Amino acid sequence: MHLVWLVPLLPFAGFLLNGSLALAGSRTKGVVSFVGVGTLVAAFGVAVYVVLDLARSHPAGPVVFTYWDWIPVGTLQVSAALQVDQLSAVMLLVVTGVGALIHIFSVGYMHDDDGYARYFAYLNLFVFFMLTLVLGANFPVTFVGWEGVGLCSYLLIGFWFEEKVNADAGKKAFIMNRIGDFGFLVAMFLIWQHTGSLDYGAVFAQAPTALTMGGGVATAITLFLFLGCTGKSAQIPLYTWLPDAMAGPTPVSALIHAATMVTAGVFLVARTNVLFALAPVSQAVVAGVGALTALFAATIALKQWDIKRVLAYSTVSQLGYMFVGVGTGAMAAGIFHLVTHAFFKALLFLGSGSVIHAMHHAYHATHSHEDAQDMRNMGGLSRYLPWTCTLMWIATLAIAGIPPFSGFFSKDEILGAAFARGTAQPLWYVYWALGLGAALLTAFYMTRMMRYTFHGPNRTGSREETHLREAPAVMTGPLVVLAILSLAGGVLNLPSLMGGTAWLERWLDPVTAAGAALVPAHEVAAGTEWTLIAVAVGIALVGIVAAFRLLDLSTLVPAKSAPGETGLGKLLWKKWYVDELYDAVVVRPILWVSRKVLWRVIDVGIVDGAGVNGAAATSRVLGWLASRLQTGELGFYAVVFVVGVVVVLSRALR
Amino acid sequence: MRADAPRLHVVGPLGPQRGIALSILAVVYWAFAGLAVIASAMCITRRNPLASALWLVQTLFCVAVLFTILDAPFIGVLQVLVYAGAIMVLFLFVIMLLNLGRSSGDLKGLVAAAVAAVLGAGLLFDLQPMAHAAPPDAIMLPAGALDSMLVHQGVVGAVAGPLFETYLVPFEITSLLLTAAVVGAVVLAKRKL
Amino acid sequence: MYDHLVLTILLAWPIVAAAALWLVPEGRAKHVAFVASLIEFAVSIPLWWRFVPSGGMQFEASVPWIAGWGISYHVGLDGISLFMVLLTTFLVPLSVLGSFSYITKRERAFYANLLVLTTGMIGVFIALDLFLFYVMWEVMLIPMYFIIGIWGGERRLYAAIKFFIYTMFGSLLMLVAILGLYFVVASRTGTYSFDYAFLLGHSTGLGSLAWWFFGAFFLAFAIKVPMFPFHTWLPDAHVEAPTAGSVILAGVLLKMGTYGFLRFALPFFPQVALHPTVQAAVVALSLIGIIYGGLVAMVQPDVKKLVAYSSVSHLGFVMLGIWALTLQSVQGALLVMINHGLSTGALFFLVGMLYERRHSRLIEAFGGLARVVPLLATALTIVSLSSIGLPGTNGFVGEFLILIGAFRTYPWAAGIATTGVIVAAMYLLWALQRVIFNKLDKAENEHLPDLSWREVAVLVPILLGIFWIGLYPKPILQRMEPAAQHLIDVVRPGAQAALR
Amino acid sequence: MNLDLSTSQGLMIGLLPELVLTVWGLVLLAVVAWRHKTPRDLRIAGWITLAGFAASAAAVWWLWWNRVGAGGVTPMVAVDDFRYVADWLFLGAGALTVMFSFAYLERESLLAPEYYVLILFATIGMMLMAGGEDLIVIFLGLELMSVAVYVLAGIDRRSPRAAEAALKYFLLGAFASAFLLYGIALTYGATGTTNLSLIGLQVASLGLAHSPLLLIGLGLLLVGFGFKTAAVPFHMWAPDVYDGAPTPVTGFMATAVKAAAFAALARVLIEAFSQTAAWHNIVIGLAVLTMVVGNLVALAQRSLKRMLAYSSVAHAGYLLVAVSAGSGNGSAAVLFYLAAYGLTSLAAFALVAARGRGGESDLQIDDLAGLSTDRPWLAFALTVCMLSLFGFPGTAGFIGKWYILLATIAAGNGWLATVLVLTSLISAGYYLPVVMAMYMRPVPFANAHAGLRFGRLGLVA
Amino acid sequence: MFTGWTLAVSAILFAIGTMGVLLRRNAIVIFMCVELMLNAVNLAFVAFAQRLGVAGQIFVFFVMAVAAAEAAVGLAIILAVYRHKETVDLQHINLLKG
C-alpha cells in the first residue's frame, strides 16, 4: 500500500518525458506512445496492487501517507499527504483502468496528429492530477488535483487551438470551473474556521460535534462545496461548458468529460458525506439540482445533431443522476452509477470516436469539408463499422437502463433510494419522478442517436461511402473491454433483492458509515422495489420503442441541405438559449462595465484625468494666469506693491 | 563748522525766547503745513513734468520752514541748499535735457486715478494712528530741551557733534555710498564701453 | 564578521560597481554589471542560513551618523525584510541579463542606474533609522526616473515625471510626519533620535497627532503599493519603462509600500490603523483594488498595462492580508509579496521578449504563437498560471494563506476577495488565448525566433522559484513566522489598548 | 577677545573686514581709473577683486578665530558669529560671481572694469546690512548695495532689456526704501533709538508691544525687506529684473542680495522685535503667498532664466518660513539655506550663462535638448543643480530644507511645513523638465558652446 | 510742539507721494514722488527729534545723502533708458514681462 505514491507519480513522469519530447519537437511517435500508455498501464498495475493490499489488510479507517509539510502556518497545518481508503480505491481503479484503455485507443485515434507528444503529455498530466484529487488526504491536496484537472481539460479542450472556438471552449471550461472553485475555497475557509483542520480524518471526526445538525454553518459549507461540484461536474447552473468541451479530441471527451473528471463532484460529495449528512437542506439541494439537470439536459439531447453533443448532454444528465444518488444519501448508489457510467459512457464516446475517425477519413480522402460529427451526414454506418455498432448498442442499452446491463442496476438503485427517501420527505418523490422522466428521454435520444448513426440509408455521400472503414484493432480493442465491463458491471453491486451481495456498498461502508449513521435509513418493502424496477424498465422500453416508431430515417437529409428547426425543436436545438442568456446577462455586462465604466470613465476619466492630471493642469493654468499679471508695467507693479503695504499694515495693527 | 555757528545763530532758534507769541508761530506752522500739502498735491497732479518739479520745489521749501519751526534750523538750511538747490536742479536739468517740458501730460487714466485714490486713502487710514501717537513719555525730553541745547551748543554743533562721534560709522558709509553712486553714474554715462 | 558587514556590503557594493562601470568600455558594461549583480546575490545568499528565525533583528550594524540630530546609520534584518532583500538581489542579476539585447543606447548609464537603484531598494528594506529610511526611499527614485525617462517607450517623459511627482507627493508628507514624530517623541523623552526602535517605543498615546502622522505614512505607502485611488501612475510607469525597469518596479518597488505598512505604519500607529473606520476603509480599498484591478486588466489592449493592473489586484490581496492581522494572512501577504515579485517579474520579462521580437505590446498583434515559439508559450502559460494562483505554484499558497487568514477577521471581505481568483482567471486566460492560441493569422509572427539560451537562463531560475514555493514553502514560512507573530503581538494589543 | 566699540581702535578691529574691503575698493578704483581699455585690464581688475574678497574673508576668519565679541549692547555694528557666517556667504557669492564674470564679460565684450568695483561696493553694503546693529547702518548698507546693483543691472548699455531692468529695479527700489525708511523713523519715534538691541530692551521695559507707532514701523520695515527679499506681493520686479540683467549679475542678485536682505531681516526681527508677536503671522502669510505664487508661476515659464528667477522667488518663500520660526534654529536655517541655495543657483545661473549666447534670456528650456550627449558634464552639473534646488536628498538643497523643516516643526508649525513640502513638490514640475530636456529628448541639432569649465560647479551643490 | 500734527502732515505727504507714484507714467516724475515721500519721512524724523534728541536730525542728514546718491544713479539710469527708447513713459517700457 505504501507504493501508492507511485500511482500518480508514474503518469507525472510520463508527462515530464512526453512534455520535453513535445517541446523538443520530436516526431518519434513510438517513444511517445510507449511512455504515455506504458506509464498508465504500470500505474494501473500498481493501483490494482494497492487495492488488493487494502482489501487484504482491510483497515478500519483510511490509511494516510504524509510526505512533507506543505503549508505549515501556526494552527493551519497542511501536509502533502495521500490517503488510501475504499472510496479512493474505487476511483483509483476507474481512473487508471479506463484511463489506460483510453490511452491505448488514443494511440490509434491521434496517430496522424502532429501534436501527438503534446497530447499524451497533457493526458498523462491529467491522470496525475486526477489521481491527486482522489488520493488527497486533505482538502487542499484534493484542491490541487481539482484545479489541476481543470487545467488539463482547459489544455485538452483547446488542444487544436488554431480554431478560436476550441480555445474559447477551453477558456470557458476553466473559468466556469473557477467559479466552482471559488465555492470550494470558501468551503475550506469555513471548515478550517469551525473545525480547526483541513485533514479529512480530523474534519470528519470533528464535524458531528463541531457543527450542529442542520445548522447554518454545515449548510453553508456543504452548499459552497456543492457549488464547486456544479462547476466541476457540469450541473445547473454551471453546466454549459461541458457540451462546448466536446471541441477537444474525442478520447479526451471520453476520459475527462465522461469517465473521470466530471465525476469528481460526485466523488467530493461522497468523500464529504459526513458534512452533507449534517445538512439536510443541502442534500435536498444536491438531489434537486441533480434531478433537474438530469431532465433538463436530456431534453436538450433530444434535438442535437452533433453525435458528441448528444453524448455530452447525456453525460450531464447522467451526472445529474449521480447527484440524486449522493444527495439522497445513497453514496454507494451514486458511486456505483459513477463506475458503470464510466464504463458505458467511455464506450459510447470512444465508439463515436471511431465513427468520427472513419467519417473524418472519408471526407479527408475526398477533400470535402463536411462536418464529420453531424449525424445527418451518417446513417447506415453499421455496414462499415459493424464492431463499433454492436459495441455501442451494448452501451446504449446500458445507459437506457435495460437489464441486465450495468446501467440498469446503478440507475435503478438511485431511483429506488430517492423513492425510499420520499417516504420520509415527499420532496424526493418529485425527484424520483424527474428521474423517471429523464430515463424515458435518455432511452429515446440514445436510440435516436444509434439509428441516425448506424441505420437507415447512408447520407455521407456516394464518393465518401467507399472510404468508410472500421477502426484499427488498437482502437476497437479498448471498446471490447469496455463493452464487457458495461455489460457485466452490474455484478459489482448486485442488490440483495436479486440475490446479490451489494458488494460495492459493503466495500464502501467504512467511508459512508459515518455519514449514514447521521441520517435515518429509508427502506421500502421488497414488493414496492420490484414495482419500481418494473416501472423503470417499462419507461426505458417505451423510450426505445418510441424512438423506433416516431423517427422516420428516410426523411432525413444531409446537414448542408437540412432545413432549420422551428418551434420547440428549435428551442431544444438551441439548448434553451441558456448560453445566449449567460452571455447577455453576465459576460457582456461585465465586459462593458469593465471597459466603458471602470476603465474609461473611472480610471482614465475620473481618477487619472480629473484627479491627477487635473491637479497638474490646474496648477499650470493658475501659474499661467499669475504670469499674465506680470504685465511688465511698472505702474501695475507699484499698485500691487501698495496693496501689499496696506494689507500688511492693517494686519500689523490688529 | 563750529566757527560760523554764531552767524547761523542769528537765524537760529526761533521760539519763545525771541518773545514771538506761540500763536503766531502756530499760524506760520499751519500756513506752511497746509501749503506743503497743497503744493505736493499739485506736484502729483500737474500734467507737465516741469510744473510738477516746480511744485515739488515749493513743497520742499515749505517743509524746510517746518523744519526750522521744529527746532531743526540746520536741517532746514540743508534742505534748501541740498534738496531745493542741488537735487531738484538736477531733476530740472534732466527734464530739460529730454525736453519733456511740453510733453502733454503723463497722468494715467481715470481707473488708475481711482485706484491710486483708494490705495492712498487706505494707506492714510493705516497711518492715521500716528496723528495722535507720540513717543512714550518715559523717554521724552522735557519741552524746549532740544531748543535750549541748540542755544548752548550752537545750531550746527548740536548736530555735528554726535555726527562725528556716535554716528561716525554711518557717516563714513554715506561717503562710500556717494562714491559708489559717482562710479555708477560714470559707468552709465560713459559714451562707449 | 560576516554578520556585521554583510548589509553594509550589500548597500555599498552596487554603488562601487556603478562607479566602476565608467572605467570599462561601453560594450563591456553589461557584462561587468551582470557579474557585479551576481556577486551581490552571492553575498546575500548566506543570509538564508545564518538567519535565525526567532532572532528578531539581526545582522545589525549601527554607527552614529549625524549625532547632533540623533541620526545614525543603523541597519538590520528580520523575517520581514530578509526576503525582500533576497528577492531584490535575486531579481537584479536577472534584470541585467534580461536587458542585454533590450538596451542598446547608453548602456553604461543604464546599468549604473540599475545598480544605484539596487542600493536604494536594499537600503529601504534594511534601514532601521527613519532618516536613513527616508533618504533611501528617495534615492531609489532618481535612477528609476532616469530608467523610465531615458530608455522608456513613446510616452516615457509623461510616465517618468508622473512616477516621480506621485511618489514625491507621498514621501514628502511622510518626511514631515517623520520629523513631527521625532519632535513629539523628543519633547517627551528629551532625547532626539531617529532610531526605529526608540521611536517605536515612544510612539504611543499620540492622540490626534497619530492620525495626522498615520495619514502621511499611509499616503506615502498607499501610493507605492499602489492602492486603488492612488494607482494611476503604475500603468503608465509599467508600460513605458524598459523590461528591466518594469521587472524591478513590479518585483521590488511596489513591495516597498506594503513593507512600509508592515514596518512603520502599523507598528507605530496601531490605534489608528486598527480603528474601525480605518479598517473598513483599508479593507474596502483592498477589495476594490482586487476586483477593480482585475476587471480593468481584463479589457486592456496592451499586455503591459494588463499586467500592471493585475499588480493592483495582487497587491490588494496583500493589503487585505496585512490588515487582517492573523498569522496566516500576514505570512500570506509576505509570501504574495515574494510571489508577485517572481510571477509578475517573469511576466514582464516575457512581454519584453515578445516586444523585442515583435516591437509591439498590443495583444491583437499576436495570436497563435504557441506554434511558432513553443518554449516562450510554455513559459508564458506557466507564469500566467502561477499568477492566477493555480495550486502547485507559488501563487496559490500565498493567496490561500491570505484568504483563509483574512476569513477569520473579515469573513465577508475574504469571501468577496475570493472572487478575485475568478477574475484573475478571466483576464489572464483571455489574454493568454489571444496571445499564444487562436489562429496564427499575422505574417509578421510566422518567423519569430524562440527563446535564446540567455532568455532561458533568465526564466528558468524564476520558474524554479515558482514551483519551489508552490510545493515546499515551509523553509520560507518558517523564517517568516516569528517576525509575523511579533508584528501581530505588537499591533493588536496596542490597538486594543487605544480603542478600549 | 572682547572689544570696546566705543573706542576708535575697537571700532577699527570690529569693522576690519569692511575696512579691508573698502580700502581695496578704493585701490581698485584707482587701478581702474588708470587701466580700463583692454580685456586684459578687465581680468586684472577681476583678480584684484578676488584678492580683495580673499583678504576680507581672511579678516573675518581672524575675527572668528580669536572669538572676537563685544559684551552687552554694541553701538552700530554687531560682532557675532551670525555676522561672520553671513560675511563669508557674501564674500563667497561675490567671488563666485566674479569668476563667472570673467568669461561672460569678455564674451559680451562688456569692457567696464568698474563692474568689479561695484560688485565690491555692493558686497561691503551687504556686510554692513548683516553686521549692522543699528537700523541706520542697515539702511545705509542696503542703499550702498542697492545703488551698486542698480548700476550693475544696467551695466550692459547696449541692451535695452538691461536698461529697462535697471530702471524698474531702481524706481521700485527707491520706492521701497522710502517705506523702509519710514519704518525706521516710526520705530525710532516709538522707542527713541535705532539700535536693535536697545529697541528690544525698550519694547520689553516700556511695554511697547502694542504701541501703534512701533507696529506701523514694524509693518513698514517688513515691507521694505519684503521688497529686497522679493516676497510676494513685493516681488513683481524680481522676474523682470533677473531676466533683463546680465546673467552673472542676476546670479549675484538672486543669491548675495537676497542673502543680505534675509540676514538683515532675521537680525532685525530676532534682536529688535522678539517681544513683538505681531510679525509672525505676517511673515507666515508672506511665506505662504510667496511659495505658492513663486512655484506656480515658475511652472508656466519656458525661458530657463526666467524660470530660475521665479524659482528664486519661491525659495524666498522657504526662507521666510525659516525666518517665521523666529528662533536660533530659524536663523541658523536661514544662513544654511542661503548658503546651499546660493551656491546652487549661482551655479545654475553660471551654467545658463555658459550655455546661452548673446541674449541668453531667450534660452528656452527645450533648447537644452540633447545637452547630455553634447556636453555630458555640463548636463550632469545642471542636473545636480536642479535636484539640489528641488531639495533632493543627498544634495545641499535637501539639507537646507531639512534645517528649515526642523526649525518650523520645532516651532510647532506643522501645517506650514506641509505647505512647504507641497509647494516644493510643484517645483518638481519645472525643475525636472530641465533634466528631461537634457537627457530624455532627442538632440535637435549639435549645438556646442563654451562653458564646460562650469560643469564642476554643479558638483559642489 | 506740534508733534502729533507734524506726524499727521508727514503721513499725508507720504500718502500723496505714494499716490503720485501710482498716478504718473513719467519715470522722472515718479522718482520725484519718491523724493516727496523721503521728505515726508524727514519731517517725521525731525518731529521726533524735537522730543527725543538730536539724533533724528542726523538721520535726516543721512537721508539727504542717500537721496543725492539715488538721484545721481537714478537719473543716469533714466538717461540710459531714454537713449534706447526715446521716452521715459513707463507704459512704453515693458520688454520684460510674463
# chains A, B, ... in the order shown; residues from 1 in each chain; ligands from 1
>>> interface_residues(of="chain B", to="chain A", cutoff="9 Å", atoms="only C-alpha atoms", output="ChimeraX atom specification")
/B:115-116,119-120,122-123,125-127
>>> interface_residues(of="chain C", to="chain A", cutoff="8 Å", atoms="only C-alpha atoms", output="PyMOL selection string")
chain C and resi 229+232+292+295-296+298-299+327-328+331+368+374-375+390-392+397+403-404+407-408+415+418-419+421-422+425-426+429-430+433+437-440+471-474+477-478+481
>>> residues_around(residues="Gly184 (chain B)", least_positions_apart="5", cutoff="9 Å", atoms="only C-alpha atoms", output="PDB file with N, CA and C atoms, in the first residue's frame")
ATOM      1  N   THR B 179      30.445 107.701  -3.168  1.00  0.00           N
ATOM      2  CA  THR B 179      31.473 107.260  -4.119  1.00  0.00           C
ATOM      3  C   THR B 179      30.865 106.265  -5.094  1.00  0.00           C
ATOM      4  N   ALA B 189      27.106 106.664 -17.740  1.00  0.00           N
ATOM      5  CA  ALA B 189      27.128 107.832 -18.609  1.00  0.00           C
ATOM      6  C   ALA B 189      28.205 107.727 -19.676  1.00  0.00           C
TER       7      ALA B 189
ATOM      8  N   GLU D 114      34.764  98.874 -14.003  1.00  0.00           N
ATOM      9  CA  GLU D 114      34.020  99.388 -12.846  1.00  0.00           C
ATOM     10  C   GLU D 114      33.062  98.326 -12.329  1.00  0.00           C
ATOM     11  N   TYR D 115      32.678  97.465 -13.223  1.00  0.00           N
ATOM     12  CA  TYR D 115      31.818  96.336 -12.847  1.00  0.00           C
ATOM     13  C   TYR D 115      32.302  95.733 -11.546  1.00  0.00           C
ATOM     14  N   LEU D 118      31.942  97.938  -8.508  1.00  0.00           N
ATOM     15  CA  LEU D 118      30.569  97.999  -7.998  1.00  0.00           C
ATOM     16  C   LEU D 118      30.246  96.734  -7.206  1.00  0.00           C
ATOM     17  N   VAL D 147      22.364 100.798  -4.668  1.00  0.00           N
ATOM     18  CA  VAL D 147      22.884 101.723  -5.684  1.00  0.00           C
ATOM     19  C   VAL D 147      23.835 100.991  -6.612  1.00  0.00           C
ATOM     20  N   ALA D 148      24.730 100.199  -6.003  1.00  0.00           N
ATOM     21  CA  ALA D 148      25.696  99.478  -6.834  1.00  0.00           C
ATOM     22  C   ALA D 148      24.974  98.508  -7.751  1.00  0.00           C
ATOM     23  N   TYR D 150      21.800  98.509  -8.758  1.00  0.00           N
ATOM     24  CA  TYR D 150      21.029  99.184  -9.818  1.00  0.00           C
ATOM     25  C   TYR D 150      21.907  99.338 -11.040  1.00  0.00           C
ATOM     26  N   VAL D 151      23.113  99.836 -10.792  1.00  0.00           N
ATOM     27  CA  VAL D 151      24.002 100.115 -11.915  1.00  0.00           C
ATOM     28  C   VAL D 151      24.411  98.810 -12.591  1.00  0.00           C
ATOM     29  N   LEU D 152      24.758  97.817 -11.769  1.00  0.00           N
ATOM     30  CA  LEU D 152      25.187  96.523 -12.336  1.00  0.00           C
ATOM     31  C   LEU D 152      24.110  95.974 -13.258  1.00  0.00           C
ATOM     32  N   ILE D 155      24.368  97.590 -16.533  1.00  0.00           N
ATOM     33  CA  ILE D 155      25.717  97.929 -16.971  1.00  0.00           C
ATOM     34  C   ILE D 155      25.934  97.650 -18.448  1.00  0.00           C
TER      35      ILE D 155
ATOM     36  N   ALA E  72      21.602 110.766  -8.357  1.00  0.00           N
ATOM     37  CA  ALA E  72      22.676 110.661  -9.350  1.00  0.00           C
ATOM     38  C   ALA E  72      22.488 109.402 -10.180  1.00  0.00           C
ATOM     39  N   VAL E  73      22.442 108.262  -9.483  1.00  0.00           N
ATOM     40  CA  VAL E  73      22.344 106.991 -10.205  1.00  0.00           C
ATOM     41  C   VAL E  73      21.040 106.927 -10.990  1.00  0.00           C
ATOM     42  N   ALA E  76      20.898 108.887 -14.062  1.00  0.00           N
ATOM     43  CA  ALA E  76      21.770 108.265 -15.067  1.00  0.00           C
ATOM     44  C   ALA E  76      21.031 107.104 -15.728  1.00  0.00           C
TER      45      ALA E  76
END
>>> closest_atom_pairs(of="region 308-426 of chain D", to="region 152-174 of chain C", cutoff="7 Å", atoms="only C-alpha atoms", output="tab-separated table")
residue	atom	partner	partner_atom	distance
D:Thr418	CA	C:Leu173	CA	6.7
D:Val421	CA	C:Leu172	CA	6.0
D:Leu425	CA	C:Phe169	CA	6.5
>>> residues_around(residues="region 178-192 of chain C", least_positions_apart="4", cutoff="12 Å", atoms="only C-alpha atoms", output="mmCIF file with C-alpha atoms, in the first residue's frame")
data_model
loop_
_atom_site.group_PDB
_atom_site.id
_atom_site.type_symbol
_atom_site.label_atom_id
_atom_site.label_comp_id
_atom_site.auth_asym_id
_atom_site.auth_seq_id
_atom_site.Cartn_x
_atom_site.Cartn_y
_atom_site.Cartn_z
ATOM 1 C CA ILE C 66 24.811 62.965 12.445
ATOM 2 C CA ALA C 67 24.908 62.689 16.180
ATOM 3 C CA GLY C 68 23.596 66.199 16.663
ATOM 4 C CA TRP C 69 20.223 65.192 15.291
ATOM 5 C CA GLY C 70 20.325 61.697 16.650
ATOM 6 C CA ILE C 71 20.713 60.302 13.152
ATOM 7 C CA SER C 72 22.605 57.069 12.904
ATOM 8 C CA ASP C 129 16.779 54.708 11.217
ATOM 9 C CA LEU C 130 13.921 56.778 9.889
ATOM 10 C CA PHE C 131 16.215 59.362 8.378
ATOM 11 C CA LEU C 132 18.208 56.687 6.610
ATOM 12 C CA PHE C 133 14.961 55.086 5.533
ATOM 13 C CA TYR C 134 13.664 58.313 4.059
ATOM 14 C CA VAL C 135 16.896 59.027 2.259
ATOM 15 C CA SER C 171 7.104 60.756 0.587
ATOM 16 C CA LEU C 172 7.354 64.476 1.273
ATOM 17 C CA LEU C 173 4.347 64.297 3.537
ATOM 18 C CA MET C 174 5.946 61.280 5.136
ATOM 19 C CA TYR C 196 13.461 52.967 14.698
ATOM 20 C CA PHE C 198 13.447 54.176 20.023
ATOM 21 C CA LEU C 199 10.651 55.929 18.172
ATOM 22 C CA LEU C 200 8.615 52.747 18.139
ATOM 23 C CA GLY C 201 8.995 52.523 21.874
ATOM 24 C CA HIS C 202 7.650 56.019 22.433
ATOM 25 C CA SER C 203 5.064 56.341 19.707
ATOM 26 C CA THR C 204 2.139 55.503 21.960
ATOM 27 C CA GLY C 205 -0.520 57.910 23.153
ATOM 28 C CA LEU C 206 -0.015 60.482 20.454
ATOM 29 C CA GLY C 207 -3.720 61.234 20.405
ATOM 30 C CA LEU C 209 -1.390 63.673 16.153
ATOM 31 C CA ALA C 210 -1.217 59.964 15.463
ATOM 32 C CA TRP C 211 -3.969 60.417 12.896
ATOM 33 C CA TRP C 212 -2.019 63.026 11.004
ATOM 34 C CA PHE C 213 1.194 61.039 11.114
ATOM 35 C CA PHE C 214 -0.542 57.847 10.081
ATOM 36 C CA GLY C 215 -2.273 59.711 7.302
ATOM 37 C CA ALA C 216 1.025 60.896 5.910
ATOM 38 C CA PHE C 217 2.654 57.487 6.151
ATOM 39 C CA ALA C 220 3.225 57.575 1.024
ATOM 40 C CA PHE C 264 6.177 51.555 10.117
ATOM 41 C CA ALA C 265 2.543 52.495 9.662
ATOM 42 C CA PHE C 268 3.782 52.953 15.009
ATOM 43 C CA PHE C 269 0.110 53.823 14.992
ATOM 44 C CA TRP D 402 15.782 69.794 6.250
ATOM 45 C CA TYR D 403 17.018 72.598 8.513
ATOM 46 C CA ILE D 404 14.022 74.737 7.686
ATOM 47 C CA LEU D 405 11.603 71.894 8.321
ATOM 48 C CA LEU D 406 13.318 71.134 11.610
ATOM 49 C CA ALA D 407 13.034 74.742 12.702
ATOM 50 C CA THR D 408 9.432 75.077 11.577
ATOM 51 C CA ILE D 409 8.209 71.867 13.111
ATOM 52 C CA ALA D 410 10.157 72.621 16.256
ATOM 53 C CA ALA D 411 8.274 75.921 16.342
ATOM 54 C CA GLY D 412 5.094 73.891 16.149
ATOM 55 C CA ASN D 413 4.049 74.949 12.666
ATOM 56 C CA GLY D 414 3.479 71.519 11.211
ATOM 57 C CA TRP D 415 0.951 72.794 8.703
ATOM 58 C CA ALA D 417 5.949 72.638 6.908
ATOM 59 C CA THR D 418 3.308 70.723 4.990
#
>>> closest_residue(among="E:Leu52, E:Ala27, E:Val88, E:Ala71", to="Val89 (chain B)", atoms="only C-alpha atoms")
E:Ala71
>>> closest_atom_pairs(of="chain A", to="chain E", cutoff="6 Å", atoms="only C-alpha atoms", output="JSON lines")
{"residue": "A:Ser627", "atom": "CA", "partner": "E:Gly98", "partner_atom": "CA", "distance": 5.0}
{"residue": "A:Arg628", "atom": "CA", "partner": "E:Gly98", "partner_atom": "CA", "distance": 5.7}
{"residue": "A:Gln630", "atom": "CA", "partner": "E:Gly98", "partner_atom": "CA", "distance": 5.0}
{"residue": "A:Thr631", "atom": "CA", "partner": "E:Lys97", "partner_atom": "CA", "distance": 5.3}
{"residue": "A:Gly632", "atom": "CA", "partner": "E:Lys97", "partner_atom": "CA", "distance": 4.1}
{"residue": "A:Glu633", "atom": "CA", "partner": "E:Asn94", "partner_atom": "CA", "distance": 5.7}
>>> write_last_selection(atoms="all heavy atoms", output="PDB file, in the first residue's frame")
ATOM      1  N   SER A 627       1.159  84.498 -14.223  1.00  0.00           N
ATOM      2  CA  SER A 627       2.228  85.102 -15.025  1.00  0.00           C
ATOM      3  C   SER A 627       1.657  86.170 -15.955  1.00  0.00           C
ATOM      4  O   SER A 627       2.365  87.061 -16.397  1.00  0.00           O
ATOM      5  CB  SER A 627       2.929  84.019 -15.842  1.00  0.00           C
ATOM      6  OG  SER A 627       2.077  83.619 -16.890  1.00  0.00           O
ATOM      7  N   ARG A 628       0.331  86.076 -16.265  1.00  0.00           N
ATOM      8  CA  ARG A 628      -0.270  87.158 -17.066  1.00  0.00           C
ATOM      9  C   ARG A 628      -0.231  88.457 -16.260  1.00  0.00           C
ATOM     10  O   ARG A 628      -0.130  89.540 -16.804  1.00  0.00           O
ATOM     11  CB  ARG A 628      -1.713  86.840 -17.429  1.00  0.00           C
ATOM     12  CG  ARG A 628      -1.900  85.711 -18.420  1.00  0.00           C
ATOM     13  CD  ARG A 628      -1.134  85.937 -19.687  1.00  0.00           C
ATOM     14  NE  ARG A 628       0.159  85.250 -19.616  1.00  0.00           N
ATOM     15  CZ  ARG A 628       1.163  85.480 -20.429  1.00  0.00           C
ATOM     16  NH1 ARG A 628       1.070  86.411 -21.362  1.00  0.00           N
ATOM     17  NH2 ARG A 628       2.295  84.808 -20.314  1.00  0.00           N
ATOM     18  N   GLN A 630       2.019  89.518 -14.604  1.00  0.00           N
ATOM     19  CA  GLN A 630       3.346  90.129 -14.755  1.00  0.00           C
ATOM     20  C   GLN A 630       3.368  90.920 -16.057  1.00  0.00           C
ATOM     21  O   GLN A 630       3.973  90.520 -17.036  1.00  0.00           O
ATOM     22  CB  GLN A 630       4.409  89.027 -14.768  1.00  0.00           C
ATOM     23  CG  GLN A 630       5.784  89.522 -14.423  1.00  0.00           C
ATOM     24  CD  GLN A 630       5.953  89.721 -12.939  1.00  0.00           C
ATOM     25  OE1 GLN A 630       5.187  89.178 -12.143  1.00  0.00           O
ATOM     26  NE2 GLN A 630       6.927  90.528 -12.564  1.00  0.00           N
ATOM     27  N   THR A 631       2.660  92.092 -16.051  1.00  0.00           N
ATOM     28  CA  THR A 631       2.447  92.787 -17.323  1.00  0.00           C
ATOM     29  C   THR A 631       3.704  93.464 -17.820  1.00  0.00           C
ATOM     30  O   THR A 631       3.735  93.940 -18.940  1.00  0.00           O
ATOM     31  CB  THR A 631       1.398  93.889 -17.143  1.00  0.00           C
ATOM     32  OG1 THR A 631       1.871  94.731 -16.072  1.00  0.00           O
ATOM     33  CG2 THR A 631       0.062  93.305 -16.764  1.00  0.00           C
ATOM     34  N   GLY A 632       4.702  93.550 -16.973  1.00  0.00           N
ATOM     35  CA  GLY A 632       5.894  94.284 -17.382  1.00  0.00           C
ATOM     36  C   GLY A 632       5.724  95.781 -17.187  1.00  0.00           C
ATOM     37  O   GLY A 632       6.618  96.561 -17.492  1.00  0.00           O
ATOM     38  N   GLU A 633       4.566  96.177 -16.693  1.00  0.00           N
ATOM     39  CA  GLU A 633       4.336  97.617 -16.498  1.00  0.00           C
ATOM     40  C   GLU A 633       4.585  98.000 -15.058  1.00  0.00           C
ATOM     41  O   GLU A 633       3.935  97.492 -14.140  1.00  0.00           O
ATOM     42  CB  GLU A 633       2.903  97.967 -16.880  1.00  0.00           C
ATOM     43  CG  GLU A 633       2.847  99.082 -17.900  1.00  0.00           C
ATOM     44  CD  GLU A 633       1.440  99.581 -18.036  1.00  0.00           C
ATOM     45  OE1 GLU A 633       0.636  98.938 -18.750  1.00  0.00           O
ATOM     46  OE2 GLU A 633       1.149 100.595 -17.387  1.00  0.00           O
TER      47      GLU A 633
END
>>> interface_residues(of="chain D", to="chain B", cutoff="8 Å", atoms="only C-alpha atoms", output="ChimeraX atom specification")
/D:76,110-112,114,118,121,136-137,140-141,143-144,147-148,151,154-155,157,189-192,206,212-213,216
>>> select_by_dssp(residues="region 89-301 of chain D", states="helix (DSSP H, G or I)", output="VMD selection string")
chain D and resid 89 to 107 114 to 131 135 to 153 160 to 191 196 to 206 212 to 228 237 to 244 247 to 272 278 to 299
>>> residues_around(residues="Lys258 (chain D)", least_positions_apart="6", cutoff="9 Å", atoms="only C-alpha atoms", output="short mmCIF file (atom, residue, chain, number, x, y, z; two decimals) with N, CA and C atoms, in the first residue's frame")
data_model
loop_
_atom_site.label_atom_id
_atom_site.label_comp_id
_atom_site.auth_asym_id
_atom_site.auth_seq_id
_atom_site.Cartn_x
_atom_site.Cartn_y
_atom_site.Cartn_z
N LYS D 228 13.21 93.66 -0.88
CA LYS D 228 14.56 93.19 -1.22
C LYS D 228 14.61 91.67 -1.29
N THR D 229 13.80 91.02 -0.43
CA THR D 229 13.81 89.55 -0.46
C THR D 229 12.90 89.02 -1.55
N ALA D 230 12.23 89.93 -2.28
CA ALA D 230 11.31 89.51 -3.35
C ALA D 230 10.24 88.59 -2.81
N PHE D 252 24.15 87.07 -8.95
CA PHE D 252 24.56 87.86 -7.78
C PHE D 252 23.34 88.36 -7.03
N ALA D 316 12.65 82.28 -1.78
CA ALA D 316 12.47 83.32 -0.75
C ALA D 316 11.35 82.90 0.19
N LEU D 338 20.57 79.73 2.85
CA LEU D 338 21.13 80.73 1.94
C LEU D 338 22.40 80.20 1.31
#
